[in-house]
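This is coords.txt. It holds compact mmCIF, C-alpha atoms.
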```
# COMPACT_ATOMS: atom_id res chain seq x y z
CA MET A 953 0.00 0.00 0.00
CA LYS A 954 1.63 3.22 -1.20
CA ARG A 955 -1.04 5.76 -2.14
CA VAL A 956 -4.49 6.29 -0.63
CA LEU A 957 -7.55 8.13 -1.90
CA VAL A 958 -9.18 10.01 0.96
CA ALA A 959 -12.85 9.51 0.11
CA ASN A 960 -14.38 11.95 2.57
CA ARG A 961 -14.42 15.63 3.49
CA GLY A 962 -14.14 18.02 6.43
CA GLU A 963 -12.16 17.34 9.57
CA ILE A 964 -11.89 13.56 9.12
CA ALA A 965 -10.44 13.99 5.62
CA LEU A 966 -7.79 16.38 6.90
CA ARG A 967 -7.07 14.03 9.77
CA ALA A 968 -6.70 11.12 7.34
CA VAL A 969 -4.18 13.01 5.20
CA ARG A 970 -2.05 13.70 8.27
CA ALA A 971 -2.30 10.10 9.48
CA ALA A 972 -1.33 8.78 6.05
CA ARG A 973 1.73 11.00 6.02
CA LYS A 974 2.69 9.64 9.45
CA VAL A 975 2.73 6.07 8.16
CA GLY A 976 4.49 6.95 4.91
CA LEU A 977 1.59 6.93 2.47
CA GLU A 978 1.00 9.35 -0.40
CA THR A 979 -2.47 10.90 -0.46
CA VAL A 980 -4.99 11.97 -3.07
CA ALA A 981 -7.88 14.08 -1.77
CA ALA A 982 -11.27 13.44 -3.33
CA CYS A 983 -13.43 16.55 -3.28
CA SER A 984 -16.71 17.81 -4.62
CA GLU A 985 -16.97 21.12 -6.45
CA ALA A 986 -18.14 22.69 -3.18
CA ASP A 987 -15.00 21.57 -1.31
CA ARG A 988 -12.27 22.78 -3.65
CA ASN A 989 -11.12 25.24 -0.96
CA SER A 990 -11.14 22.74 1.88
CA PRO A 991 -7.85 22.22 3.79
CA HIS A 992 -7.68 18.48 3.11
CA VAL A 993 -7.37 19.35 -0.59
CA TRP A 994 -4.40 21.60 0.10
CA ALA A 995 -2.77 19.18 2.54
CA ALA A 996 -2.85 16.13 0.26
CA ASP A 997 -0.16 15.40 -2.31
CA ARG A 998 -2.75 15.93 -5.02
CA SER A 999 -6.52 16.18 -5.40
CA VAL A 1000 -9.24 15.11 -7.78
CA CYS A 1001 -12.74 16.52 -8.15
CA ILE A 1002 -15.31 13.73 -8.09
CA GLY A 1003 -18.48 15.61 -8.94
CA PRO A 1004 -21.03 18.33 -8.14
CA PRO A 1005 -21.78 19.50 -4.57
CA ALA A 1006 -24.64 17.08 -3.90
CA ALA A 1007 -23.35 14.13 -1.88
CA SER A 1008 -25.28 11.68 -4.07
CA LEU A 1009 -23.24 12.85 -7.05
CA SER A 1010 -19.88 13.00 -5.27
CA TYR A 1011 -19.04 11.45 -1.89
CA LEU A 1012 -21.78 8.83 -2.23
CA ASN A 1013 -20.89 8.01 -5.83
CA GLY A 1014 -18.89 4.82 -5.40
CA ALA A 1015 -18.17 4.42 -9.11
CA ALA A 1016 -16.72 7.94 -9.30
CA LEU A 1017 -14.52 7.32 -6.26
CA ILE A 1018 -13.17 4.05 -7.63
CA GLU A 1019 -12.51 5.71 -10.99
CA ALA A 1020 -10.70 8.54 -9.18
CA ALA A 1021 -8.59 6.03 -7.26
CA ARG A 1022 -7.63 4.10 -10.39
CA GLY A 1023 -6.95 7.25 -12.40
CA SER A 1024 -4.66 8.69 -9.74
CA GLY A 1025 -2.75 5.47 -9.09
CA CYS A 1026 -4.17 4.82 -5.62
CA ASP A 1027 -4.05 1.29 -4.28
CA ALA A 1028 -6.24 2.06 -1.26
CA ILE A 1029 -9.32 4.08 -0.30
CA TYR A 1030 -9.91 5.56 3.14
CA PRO A 1031 -13.66 6.12 3.76
CA GLY A 1032 -13.59 7.76 7.22
CA TYR A 1033 -17.06 7.89 8.78
CA GLY A 1034 -20.44 8.52 7.15
CA PHE A 1035 -20.94 8.46 3.38
CA LEU A 1036 -19.76 5.05 2.06
CA SER A 1037 -17.84 3.91 5.14
CA GLU A 1038 -20.41 1.25 6.08
CA LYS A 1039 -21.61 0.22 2.63
CA SER A 1040 -20.64 -3.40 2.04
CA ALA A 1041 -21.31 -3.08 -1.69
CA PHE A 1042 -18.72 -0.30 -1.97
CA ALA A 1043 -16.16 -2.30 0.01
CA ALA A 1044 -16.84 -5.26 -2.29
CA SER A 1045 -16.42 -3.07 -5.39
CA CYS A 1046 -13.06 -1.89 -4.09
CA ARG A 1047 -11.96 -5.48 -3.58
CA ASP A 1048 -13.16 -6.46 -7.07
CA GLU A 1049 -11.05 -3.65 -8.52
CA GLY A 1050 -7.97 -4.67 -6.57
CA ILE A 1051 -8.17 -1.61 -4.32
CA ILE A 1052 -7.65 -1.93 -0.57
CA PHE A 1053 -10.66 -0.73 1.40
CA ILE A 1054 -9.29 0.66 4.67
CA GLY A 1055 -11.88 -0.94 6.88
CA PRO A 1056 -13.40 -4.35 7.58
CA SER A 1057 -14.34 -6.90 4.95
CA PRO A 1058 -17.57 -6.52 2.95
CA GLU A 1059 -18.87 -9.61 4.73
CA ALA A 1060 -18.24 -8.12 8.19
CA ILE A 1061 -19.90 -4.86 7.18
CA ALA A 1062 -22.92 -6.70 5.80
CA THR A 1063 -23.32 -8.81 8.94
CA MET A 1064 -22.63 -6.25 11.64
CA GLY A 1065 -23.96 -3.24 9.71
CA ASP A 1066 -27.40 -4.83 9.53
CA LYS A 1067 -28.95 -4.45 12.97
CA VAL A 1068 -30.89 -7.69 12.83
CA GLU A 1069 -27.89 -9.74 11.68
CA ALA A 1070 -25.67 -8.02 14.25
CA ARG A 1071 -28.13 -8.87 16.99
CA LEU A 1072 -28.14 -12.53 15.94
CA ALA A 1073 -24.33 -12.57 15.87
CA ALA A 1074 -24.24 -11.11 19.39
CA GLU A 1075 -26.70 -13.74 20.63
CA ARG A 1076 -24.64 -16.54 19.08
CA ASN A 1077 -21.61 -15.26 20.97
CA GLY A 1078 -23.36 -14.99 24.33
CA VAL A 1079 -23.63 -11.19 24.42
CA PRO A 1080 -26.82 -9.92 26.14
CA VAL A 1081 -29.22 -8.27 23.68
CA VAL A 1082 -32.27 -6.08 24.20
CA PRO A 1083 -35.49 -8.15 24.05
CA GLY A 1084 -36.85 -7.67 20.55
CA SER A 1085 -37.75 -9.15 17.18
CA GLN A 1086 -35.58 -11.81 15.57
CA LYS A 1087 -35.97 -10.22 12.16
CA GLY A 1088 -36.94 -6.99 10.45
CA PHE A 1089 -40.29 -6.18 8.87
CA THR A 1090 -41.60 -4.02 6.05
CA ASP A 1091 -45.29 -4.77 6.67
CA ALA A 1092 -46.98 -3.17 9.67
CA GLN A 1093 -49.55 -5.93 10.06
CA ALA A 1094 -46.93 -8.67 10.13
CA ALA A 1095 -44.84 -6.68 12.60
CA ALA A 1096 -47.84 -6.06 14.87
CA ALA A 1097 -48.28 -9.81 15.32
CA VAL A 1098 -44.82 -9.94 16.93
CA ALA A 1099 -45.00 -6.60 18.77
CA ASP A 1100 -47.28 -7.84 21.56
CA SER A 1101 -44.76 -10.47 22.62
CA ILE A 1102 -42.08 -7.77 23.03
CA GLY A 1103 -44.25 -5.37 25.01
CA TYR A 1104 -44.58 -1.62 25.30
CA PRO A 1105 -43.00 0.88 25.31
CA MET A 1106 -41.17 -0.26 22.20
CA LEU A 1107 -38.47 1.18 19.98
CA LEU A 1108 -38.69 0.85 16.19
CA LYS A 1109 -35.33 1.05 14.42
CA ALA A 1110 -34.26 0.94 10.79
CA SER A 1111 -32.48 -2.34 10.03
CA GLY A 1112 -30.12 -0.79 7.51
CA GLY A 1113 -28.87 2.40 9.17
CA GLY A 1114 -28.65 4.60 12.23
CA GLY A 1115 -28.29 8.17 13.39
CA GLY A 1116 -31.88 8.35 14.60
CA ARG A 1117 -33.44 8.04 11.16
CA GLY A 1118 -36.18 5.46 10.91
CA MET A 1119 -36.48 5.40 14.70
CA ARG A 1120 -39.71 5.79 16.70
CA VAL A 1121 -40.85 5.14 20.27
CA VAL A 1122 -44.23 3.39 20.44
CA ARG A 1123 -45.89 3.64 23.84
CA ALA A 1124 -49.23 1.94 23.14
CA LYS A 1125 -50.60 -0.73 20.83
CA GLU A 1126 -53.07 1.75 19.31
CA GLU A 1127 -50.30 3.87 17.80
CA PHE A 1128 -48.15 1.00 16.50
CA ALA A 1129 -49.35 0.91 12.88
CA ALA A 1130 -48.95 4.65 12.26
CA GLN A 1131 -45.54 4.82 13.92
CA PHE A 1132 -44.32 1.74 12.06
CA THR A 1133 -45.37 3.18 8.70
CA GLN A 1134 -43.56 6.44 9.42
CA ALA A 1135 -40.40 4.63 10.56
CA SER A 1136 -40.41 2.36 7.51
CA GLN A 1137 -40.88 5.24 5.07
CA GLU A 1138 -38.10 7.23 6.73
CA ALA A 1139 -35.77 4.21 6.66
CA LEU A 1140 -36.45 3.71 2.96
CA ALA A 1141 -35.73 7.35 2.19
CA ALA A 1142 -32.54 7.44 4.26
CA PHE A 1143 -31.01 4.03 3.56
CA GLY A 1144 -32.86 2.54 0.60
CA ASN A 1145 -34.12 -0.18 2.93
CA ALA A 1146 -37.64 -0.02 4.39
CA GLU A 1147 -37.06 -2.83 6.88
CA VAL A 1148 -37.68 -2.03 10.55
CA TYR A 1149 -37.07 -4.16 13.61
CA MET A 1150 -38.39 -3.82 17.14
CA GLU A 1151 -36.79 -3.61 20.58
CA ARG A 1152 -38.08 -3.15 24.10
CA PHE A 1153 -37.65 0.50 25.08
CA PHE A 1154 -36.00 1.51 28.36
CA GLU A 1155 -36.80 4.95 29.76
CA ARG A 1156 -33.48 5.87 31.43
CA VAL A 1157 -30.34 4.55 29.78
CA ARG A 1158 -26.76 5.58 29.22
CA HIS A 1159 -25.24 4.94 25.77
CA ILE A 1160 -21.94 3.10 26.16
CA GLU A 1161 -19.66 2.07 23.29
CA ILE A 1162 -16.53 -0.06 23.36
CA GLN A 1163 -13.71 0.84 20.97
CA VAL A 1164 -12.45 -2.38 19.37
CA PHE A 1165 -9.70 -3.26 16.91
CA GLY A 1166 -8.89 -6.46 15.06
CA ASP A 1167 -6.32 -7.54 12.49
CA ARG A 1168 -5.83 -10.38 10.00
CA HIS A 1169 -3.36 -12.08 12.35
CA GLY A 1170 -6.10 -13.02 14.79
CA ASN A 1171 -5.48 -10.21 17.27
CA ALA A 1172 -8.53 -8.61 18.87
CA ILE A 1173 -8.32 -5.89 21.51
CA HIS A 1174 -10.44 -3.17 23.05
CA LEU A 1175 -9.62 0.30 24.29
CA TRP A 1176 -12.36 0.39 26.90
CA GLU A 1177 -15.45 2.55 26.67
CA ARG A 1178 -16.82 5.94 25.75
CA ASP A 1179 -20.02 7.32 27.23
CA CYS A 1180 -22.16 8.97 24.53
CA SER A 1181 -25.32 9.66 26.55
CA ILE A 1182 -25.67 13.39 25.85
CA GLN A 1183 -27.82 13.25 22.72
CA ARG A 1184 -30.58 15.11 20.95
CA ARG A 1185 -32.92 13.20 18.67
CA HIS A 1186 -30.54 10.24 18.83
CA GLN A 1187 -27.65 12.39 17.60
CA LYS A 1188 -24.59 12.50 19.85
CA LEU A 1189 -23.52 15.92 21.09
CA VAL A 1190 -20.89 15.12 23.73
CA GLU A 1191 -18.81 12.00 24.37
CA GLU A 1192 -16.48 11.21 27.27
CA ALA A 1193 -14.27 8.45 28.63
CA PRO A 1194 -14.23 6.68 30.91
CA SER A 1195 -17.95 6.53 31.63
CA PRO A 1196 -18.70 8.23 34.95
CA VAL A 1197 -21.45 5.70 35.79
CA LEU A 1198 -19.88 2.25 35.28
CA ASP A 1199 -18.33 0.30 38.12
CA PRO A 1200 -15.13 -1.67 37.34
CA ALA A 1201 -16.89 -5.04 37.09
CA VAL A 1202 -19.49 -3.87 34.57
CA ARG A 1203 -16.85 -1.98 32.60
CA ARG A 1204 -14.75 -5.14 32.26
CA GLU A 1205 -17.75 -7.35 31.40
CA MET A 1206 -18.79 -5.05 28.56
CA ALA A 1207 -15.26 -4.74 27.18
CA GLU A 1208 -14.60 -8.48 27.29
CA ALA A 1209 -17.94 -9.25 25.60
CA ALA A 1210 -17.13 -6.78 22.81
CA THR A 1211 -13.68 -8.25 22.26
CA ALA A 1212 -14.97 -11.81 22.18
CA LEU A 1213 -17.54 -10.82 19.57
CA ILE A 1214 -15.04 -9.31 17.12
CA ARG A 1215 -12.60 -12.16 17.68
CA ASN A 1216 -15.25 -14.73 16.81
CA ILE A 1217 -16.30 -12.96 13.62
CA LYS A 1218 -12.63 -12.40 12.66
CA TYR A 1219 -13.13 -8.65 12.43
CA GLU A 1220 -10.36 -6.48 10.95
CA GLY A 1221 -9.88 -2.77 11.56
CA ALA A 1222 -11.57 -0.26 13.86
CA GLY A 1223 -15.12 -0.59 15.11
CA THR A 1224 -17.34 0.08 18.08
CA ILE A 1225 -19.70 -2.24 19.89
CA GLU A 1226 -22.69 -0.25 21.13
CA PHE A 1227 -24.52 -0.99 24.39
CA ILE A 1228 -27.24 0.56 26.48
CA TYR A 1229 -26.87 0.60 30.26
CA ASP A 1230 -30.18 0.68 32.13
CA MET A 1231 -29.74 3.16 34.99
CA ASP A 1232 -32.61 1.66 36.96
CA SER A 1233 -31.61 -2.00 36.93
CA GLY A 1234 -27.87 -1.82 36.23
CA ARG A 1235 -28.31 -4.26 33.32
CA TRP A 1236 -26.62 -3.75 29.96
CA PHE A 1237 -27.47 -4.91 26.47
CA PHE A 1238 -25.88 -4.98 23.01
CA ILE A 1239 -27.70 -2.80 20.48
CA GLU A 1240 -25.50 -2.56 17.37
CA MET A 1241 -22.03 -2.27 15.90
CA ASN A 1242 -20.48 0.55 13.88
CA THR A 1243 -18.03 -0.96 11.39
CA ARG A 1244 -15.89 2.16 11.00
CA ILE A 1245 -14.04 4.83 12.93
CA GLN A 1246 -16.32 7.00 15.08
CA VAL A 1247 -16.54 10.79 15.14
CA GLU A 1248 -15.61 10.62 18.84
CA HIS A 1249 -12.49 8.46 18.50
CA PRO A 1250 -10.15 11.28 19.70
CA VAL A 1251 -11.52 10.81 23.23
CA THR A 1252 -9.92 7.36 23.32
CA GLU A 1253 -6.74 8.63 21.66
CA GLU A 1254 -6.24 11.24 24.36
CA ILE A 1255 -6.49 8.68 27.14
CA PHE A 1256 -4.29 5.97 25.66
CA GLY A 1257 -1.90 7.97 23.47
CA VAL A 1258 -2.65 6.14 20.22
CA ASP A 1259 -3.50 7.27 16.69
CA LEU A 1260 -6.49 5.17 15.65
CA VAL A 1261 -6.65 6.51 12.08
CA ALA A 1262 -2.99 5.69 11.45
CA GLU A 1263 -3.63 2.28 13.00
CA GLN A 1264 -6.48 1.67 10.55
CA MET A 1265 -4.04 2.21 7.70
CA ARG A 1266 -1.35 -0.03 9.17
CA VAL A 1267 -3.80 -2.87 9.77
CA ALA A 1268 -5.28 -2.52 6.26
CA ALA A 1269 -1.76 -2.84 4.88
CA GLY A 1270 -1.43 -6.21 6.61
CA GLU A 1271 0.43 -5.25 9.76
CA ALA A 1272 -0.47 -6.51 13.21
CA ILE A 1273 -2.00 -4.10 15.72
CA SER A 1274 0.93 -2.03 17.01
CA PHE A 1275 -0.15 -1.72 20.65
CA LYS A 1276 -1.04 -4.14 23.40
CA GLN A 1277 -4.32 -4.45 25.26
CA PRO A 1278 -4.28 -1.40 27.58
CA PRO A 1279 -5.30 -1.65 31.24
CA ALA A 1280 -8.43 0.14 32.42
CA PRO A 1281 -8.10 3.95 32.54
CA SER A 1282 -6.71 5.09 35.87
CA GLY A 1283 -7.59 8.69 36.61
CA ARG A 1284 -7.12 10.30 33.19
CA THR A 1285 -10.32 11.44 31.47
CA ALA A 1286 -11.26 13.04 28.16
CA ILE A 1287 -14.36 14.58 26.63
CA GLU A 1288 -15.40 15.76 23.16
CA PHE A 1289 -17.83 18.54 22.28
CA ARG A 1290 -19.17 18.56 18.73
CA ILE A 1291 -19.10 22.12 17.41
CA ASN A 1292 -21.77 22.27 14.71
CA ALA A 1293 -22.91 25.14 12.49
CA GLU A 1294 -26.39 25.07 14.03
CA ASP A 1295 -28.48 27.54 15.98
CA PRO A 1296 -29.45 26.08 19.39
CA ALA A 1297 -31.87 28.97 19.96
CA ASN A 1298 -33.76 28.06 16.78
CA ASN A 1299 -34.29 24.31 17.20
CA PHE A 1300 -30.70 23.61 16.07
CA ARG A 1301 -31.40 24.89 12.59
CA PRO A 1302 -28.38 24.52 10.24
CA SER A 1303 -26.41 27.73 9.74
CA PRO A 1304 -24.34 27.64 6.54
CA GLY A 1305 -22.39 30.67 5.40
CA MET A 1306 -19.01 32.37 5.71
CA VAL A 1307 -17.05 32.14 8.97
CA THR A 1308 -15.90 35.70 9.67
CA GLU A 1309 -14.14 34.90 12.95
CA TRP A 1310 -12.52 31.64 14.01
CA SER A 1311 -10.50 31.84 17.21
CA PRO A 1312 -10.35 28.46 18.97
CA PRO A 1313 -8.87 28.01 22.43
CA THR A 1314 -5.43 26.55 23.07
CA GLY A 1315 -3.58 25.32 26.12
CA GLN A 1316 -2.71 22.21 28.07
CA GLY A 1317 -5.33 19.51 27.71
CA VAL A 1318 -7.04 21.29 24.79
CA ARG A 1319 -7.20 19.72 21.31
CA LEU A 1320 -9.22 20.80 18.29
CA ASP A 1321 -9.82 18.63 15.23
CA SER A 1322 -11.21 20.91 12.54
CA HIS A 1323 -10.96 21.96 8.91
CA VAL A 1324 -12.37 25.45 9.44
CA TYR A 1325 -10.54 28.76 9.10
CA LYS A 1326 -11.50 32.44 8.92
CA SER A 1327 -13.32 33.09 5.62
CA TYR A 1328 -14.18 29.41 5.22
CA VAL A 1329 -17.63 28.99 3.69
CA VAL A 1330 -19.76 26.33 5.39
CA PRO A 1331 -21.63 24.64 2.52
CA PRO A 1332 -25.31 23.73 2.87
CA TYR A 1333 -24.93 20.31 1.28
CA TYR A 1334 -23.44 18.22 4.07
CA ASP A 1335 -23.53 17.71 7.83
CA SER A 1336 -22.85 20.80 9.92
CA LEU A 1337 -19.79 19.66 11.89
CA LEU A 1338 -17.22 22.46 12.14
CA GLY A 1339 -14.88 20.74 14.53
CA LYS A 1340 -14.43 18.69 17.64
CA LEU A 1341 -13.18 20.27 20.86
CA ILE A 1342 -11.45 17.58 22.89
CA ILE A 1343 -10.46 18.23 26.49
CA SER A 1344 -8.39 15.90 28.67
CA GLY A 1345 -7.40 16.02 32.31
CA ALA A 1346 -6.07 14.11 35.28
CA ASN A 1347 -9.60 13.65 36.63
CA ARG A 1348 -13.16 14.49 35.64
CA LYS A 1349 -13.45 17.58 37.85
CA ASP A 1350 -10.33 19.19 36.42
CA MET A 1351 -11.31 18.14 32.90
CA LEU A 1352 -14.70 19.85 33.16
CA ALA A 1353 -13.10 23.00 34.59
CA THR A 1354 -10.72 23.14 31.61
CA ALA A 1355 -13.62 22.50 29.25
CA LYS A 1356 -15.68 25.33 30.74
CA SER A 1357 -12.81 27.76 30.21
CA ALA A 1358 -12.07 26.51 26.69
CA ILE A 1359 -15.69 26.82 25.56
CA ALA A 1360 -15.87 30.36 26.93
CA ARG A 1361 -12.72 31.30 24.96
CA PHE A 1362 -13.87 29.75 21.67
CA LYS A 1363 -14.89 32.66 19.42
CA VAL A 1364 -16.78 32.11 16.18
CA ALA A 1365 -18.71 34.63 14.07
CA GLY A 1366 -20.52 34.62 10.74
CA VAL A 1367 -22.43 31.42 11.45
CA GLN A 1368 -24.36 30.20 14.47
CA THR A 1369 -22.77 27.35 16.42
CA THR A 1370 -23.59 24.93 19.21
CA LEU A 1371 -21.07 26.61 21.55
CA PRO A 1372 -23.85 28.34 23.57
CA PHE A 1373 -25.50 24.96 24.10
CA HIS A 1374 -22.25 23.46 25.37
CA ALA A 1375 -21.65 26.46 27.64
CA ARG A 1376 -25.07 25.90 29.19
CA LEU A 1377 -24.70 22.12 29.35
CA ILE A 1378 -21.47 22.20 31.30
CA GLY A 1379 -23.18 24.07 34.13
CA CYS A 1380 -26.14 21.67 34.46
CA ALA A 1381 -26.16 19.51 37.57
CA PRO A 1382 -27.43 16.32 35.85
CA PHE A 1383 -24.52 16.53 33.43
CA ILE A 1384 -21.97 17.25 36.14
CA ASP A 1385 -23.18 14.48 38.45
CA ALA A 1386 -23.79 12.03 35.55
CA THR A 1387 -27.47 11.43 36.26
CA ALA A 1388 -28.47 12.50 32.73
CA HIS A 1389 -29.76 9.85 30.33
CA THR A 1390 -29.98 9.70 26.53
CA ARG A 1391 -33.26 11.64 26.39
CA TRP A 1392 -32.49 14.13 29.17
CA VAL A 1393 -31.47 16.93 26.78
CA GLU A 1394 -34.83 16.88 25.02
CA GLN A 1395 -37.04 16.03 27.99
CA GLU A 1396 -35.54 18.31 30.61
CA MET A 1397 -32.66 20.57 29.55
CA LEU A 1398 -34.35 21.97 26.44
CA ALA A 1399 -37.97 21.40 27.47
```
If you took the structure in this file and wrote it as C-alpha cells, what would it be?
Amino acid sequence: MKRVLVANRGEIALRAVRAARKVGLETVAACSEADRNSPHVWAADRSVCIGPPAASLSYLNGAALIEAARGSGCDAIYPGYGFLSEKSAFAASCRDEGIIFIGPSPEAIATMGDKVEARLAAERNGVPVVPGSQKGFTDAQAAAAVADSIGYPMLLKASGGGGGRGMRVVRAKEEFAAQFTQASQEALAAFGNAEVYMERFFERVRHIEIQVFGDRHGNAIHLWERDCSIQRRHQKLVEEAPSPVLDPAVRREMAEAATALIRNIKYEGAGTIEFIYDMDSGRWFFIEMNTRIQVEHPVTEEIFGVDLVAEQMRVAAGEAISFKQPPAPSGRTAIEFRINAEDPANNFRPSPGMVTEWSPPTGQGVRLDSHVYKSYVVPPYYDSLLGKLIISGANRKDMLATAKSAIARFKVAGVQTTLPFHARLIGCAPFIDATAHTRWVEQEMLA
C-alpha cells in the first residue's frame, strides 16, 4: 500500500491526510466542487474533483470514487465515517477492482452493519441483547403480530442504518401501525431499505460504546469505553471516557464481551460495539455495531496515546496491531464537544455561510480537530460539523473546569454554532453528576 484516496471531506479527511503521512503513504484528496477550498485538498499530495456538490453525485458516488482512485494510481481508499464507510457493496467493489478498502471486509460490514444480523451474531456469541424481534419487517400488520410479545413501550429502528433516522418510540398498541409506517418510510428514504425491527424501550439509559480493533493475524483488543449519553434526537452531542457511571466489574464485562464478539467474527480494523446501560436495573445490552471509525475516537486517543486513524491504515496494509491491550483507565479522562454550524436557539437549525471569525482556544489539555478557518464557507450540502473540541485532564473535575474555560474562549462569528448549548450544558447539575440519560437533553434541559 503506497497511495491512498481520501474519500471523505471536512475534519476527518484532513485528519486522514495527516495520518497517512505519518505512516508513509501518499495521499490523493477526493473533493466535490463545493469543497475545492477545503484544507484536506491543500494538505494532500494531489486532489481530484469527483463531482457536483450534492453528496449523491460525489461522496456517495462509489463508481466515481473508484474511478478517481484508479486514475490517480491509488491502491487504497480511506472512507472515514459517514458516506460510504459502512456500505458493504462499496467495500466489495473496491476489492473487485484490486483496491484496498481501509476498513473491515464486505462480509463483516454486511453482517454487523445490519442491525438484525448483528443482533443474531451477538446472541450466538453470548452477548446480552435487548429483548426484541428476531428479524426486520416491512409490513406493519406482520410486525404487529410480533410486537405484543415484546411489550410496550417499544423502539422501532431501521435495520439498515442509524443516526436516529427510521427510529420511533411506540408507547401503546393503538399507535403502533402509524408509527411503524412512518419509521419504515423514513428508513427507505434514508437508507434505501424499508425494513424495521423492534426492541423493548428503556426509559433511562446511558449509551456506552466499546472501541475495538482487530487484524488479520487473529489479534482482537479493546480500548475500553466511551459514554455517549448526551444526545438530541438520537444524535450524539458530547462523548467522554471513561464513563462516569460504570463500576469496574461492569466496565470489564462489557469490554470483554465486545472483544470476544469481534474475535469470533474475525473482524479487521476499527469498530465500536454499542450498548445501552439501564440506569434503573444496572443491566446492559448490546444494540449494534459501527463498522468504521467513530466521530468521537479522539476521546480514546487522548487517554491511551494512540493514533487510531494511522492504526487503521497499518492494519489494512497487513500489519499486526501495534499496541497491546491497555489496562483500564486510571484517573485520566477526556471529553469531546461537537461544534456544529447550528443555531441552538432556533431548534438547532443549520447555519451555513461564511465564517468571519474563528479563534479556537489553546492550552494544556485542549485539542481541536477541525478543517475550518476564517473566511471558510460552510456549505449547505453536508452535515454541519465544524470541529471537535477535545479536552483531557487528570480527573473528571479538572477536565470539566478546563472544558468550561475553553468553551468560553472559543470565538466564532458569521455562522451560528452549538457553543452556547455546550456552555449551558457544562453548568447543568445532571450533566456534572452524571445522572443525565440519553433523552435528558430533550425532555428536561431543552424542554
If we count all atoms listed in the file and set the cut-off at 10 Å, which residues sit around A:Thr1387, ignoring sequence neighbours fewer than 2 positions away in its own chain? Please answer as a ChimeraX atom specification. /A:1156-1158,1196-1197,1231,1381-1385,1389,1392
Which polymer residues have any atom within 10 Å of an atom of A:His1323, counting all atoms listed in the file, with same-chain residues fewer than 2 positions away left out, as a list in words? Arg961, Gly962, Glu963, Ile964, Ala965, Leu966, Arg967, Ser990, Pro991, His992, Leu1320, Asp1321, Tyr1325, Tyr1328, Leu1337, Leu1338, Gly1339 and Lys1340 of chain A
Just to be explicit: take each residue in the selection above, keep C-alpha atoms, and write the result as a PDB file, keeping the file's coordinate frame.
```
ATOM      1  CA  ARG A 961     -14.420  15.630   3.490  1.00  0.00           C
ATOM      2  CA  GLY A 962     -14.140  18.020   6.430  1.00  0.00           C
ATOM      3  CA  GLU A 963     -12.160  17.340   9.570  1.00  0.00           C
ATOM      4  CA  ILE A 964     -11.890  13.560   9.120  1.00  0.00           C
ATOM      5  CA  ALA A 965     -10.440  13.990   5.620  1.00  0.00           C
ATOM      6  CA  LEU A 966      -7.790  16.380   6.900  1.00  0.00           C
ATOM      7  CA  ARG A 967      -7.070  14.030   9.770  1.00  0.00           C
ATOM      8  CA  SER A 990     -11.140  22.740   1.880  1.00  0.00           C
ATOM      9  CA  PRO A 991      -7.850  22.220   3.790  1.00  0.00           C
ATOM     10  CA  HIS A 992      -7.680  18.480   3.110  1.00  0.00           C
ATOM     11  CA  LEU A1320      -9.220  20.800  18.290  1.00  0.00           C
ATOM     12  CA  ASP A1321      -9.820  18.630  15.230  1.00  0.00           C
ATOM     13  CA  TYR A1325     -10.540  28.760   9.100  1.00  0.00           C
ATOM     14  CA  TYR A1328     -14.180  29.410   5.220  1.00  0.00           C
ATOM     15  CA  LEU A1337     -19.790  19.660  11.890  1.00  0.00           C
ATOM     16  CA  LEU A1338     -17.220  22.460  12.140  1.00  0.00           C
ATOM     17  CA  GLY A1339     -14.880  20.740  14.530  1.00  0.00           C
ATOM     18  CA  LYS A1340     -14.430  18.690  17.640  1.00  0.00           C
TER      19      LYS A1340
END
```
Proximity check stretch 1205-1295 of chain A to stretch 1137-1151 of chain A, 12 Å, nearest pairs one decimal Å, only C-alpha atoms, as JSON lines:
```
{"residue": "A:Ile1228", "atom": "CA", "partner": "A:Glu1151", "partner_atom": "CA", "distance": 12.0}
{"residue": "A:Phe1237", "atom": "CA", "partner": "A:Glu1151", "partner_atom": "CA", "distance": 11.1}
{"residue": "A:Phe1238", "atom": "CA", "partner": "A:Glu1151", "partner_atom": "CA", "distance": 11.3}
{"residue": "A:Ile1239", "atom": "CA", "partner": "A:Glu1151", "partner_atom": "CA", "distance": 9.1}
{"residue": "A:Glu1240", "atom": "CA", "partner": "A:Glu1151", "partner_atom": "CA", "distance": 11.8}
```
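Relative to atom CA of A:Ser1274, atom CA of A:Glu1208 is found at 19.7 Å.
Closest approach to A:Ile1182 among A:Glu1226, A:Asp1027, A:Glu1288, A:Trp1310 is made by A:Glu1288 (distances from only C-alpha atoms).
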For stretch 1112-1119 of chain A, supply N, CA and C atoms and format the output as a PDB file, keeping the file's coordinate frame.
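To be explicit, this is the file written out as out_6.pdb:
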```pdb
ATOM      1  N   GLY A1112     -31.270  -1.052   8.358  1.00  0.00           N
ATOM      2  CA  GLY A1112     -30.120  -0.790   7.510  1.00  0.00           C
ATOM      3  C   GLY A1112     -29.361   0.488   7.768  1.00  0.00           C
ATOM      4  N   GLY A1113     -29.596   1.156   8.911  1.00  0.00           N
ATOM      5  CA  GLY A1113     -28.870   2.400   9.170  1.00  0.00           C
ATOM      6  C   GLY A1113     -29.136   2.914  10.557  1.00  0.00           C
ATOM      7  N   GLY A1114     -28.522   4.061  10.879  1.00  0.00           N
ATOM      8  CA  GLY A1114     -28.650   4.600  12.230  1.00  0.00           C
ATOM      9  C   GLY A1114     -28.780   6.104  12.225  1.00  0.00           C
ATOM     10  N   GLY A1115     -28.237   6.722  13.273  1.00  0.00           N
ATOM     11  CA  GLY A1115     -28.290   8.170  13.390  1.00  0.00           C
ATOM     12  C   GLY A1115     -29.657   8.721  13.702  1.00  0.00           C
ATOM     13  N   GLY A1116     -30.552   7.875  14.215  1.00  0.00           N
ATOM     14  CA  GLY A1116     -31.880   8.350  14.600  1.00  0.00           C
ATOM     15  C   GLY A1116     -32.901   8.340  13.492  1.00  0.00           C
ATOM     16  N   ARG A1117     -32.484   8.073  12.265  1.00  0.00           N
ATOM     17  CA  ARG A1117     -33.440   8.040  11.160  1.00  0.00           C
ATOM     18  C   ARG A1117     -34.127   6.684  11.107  1.00  0.00           C
ATOM     19  N   GLY A1118     -35.421   6.701  10.878  1.00  0.00           N
ATOM     20  CA  GLY A1118     -36.180   5.460  10.910  1.00  0.00           C
ATOM     21  C   GLY A1118     -36.378   4.932  12.315  1.00  0.00           C
ATOM     22  N   MET A1119     -36.361   5.808  13.303  1.00  0.00           N
ATOM     23  CA  MET A1119     -36.480   5.400  14.700  1.00  0.00           C
ATOM     24  C   MET A1119     -37.690   6.072  15.336  1.00  0.00           C
TER      25      MET A1119
END
```
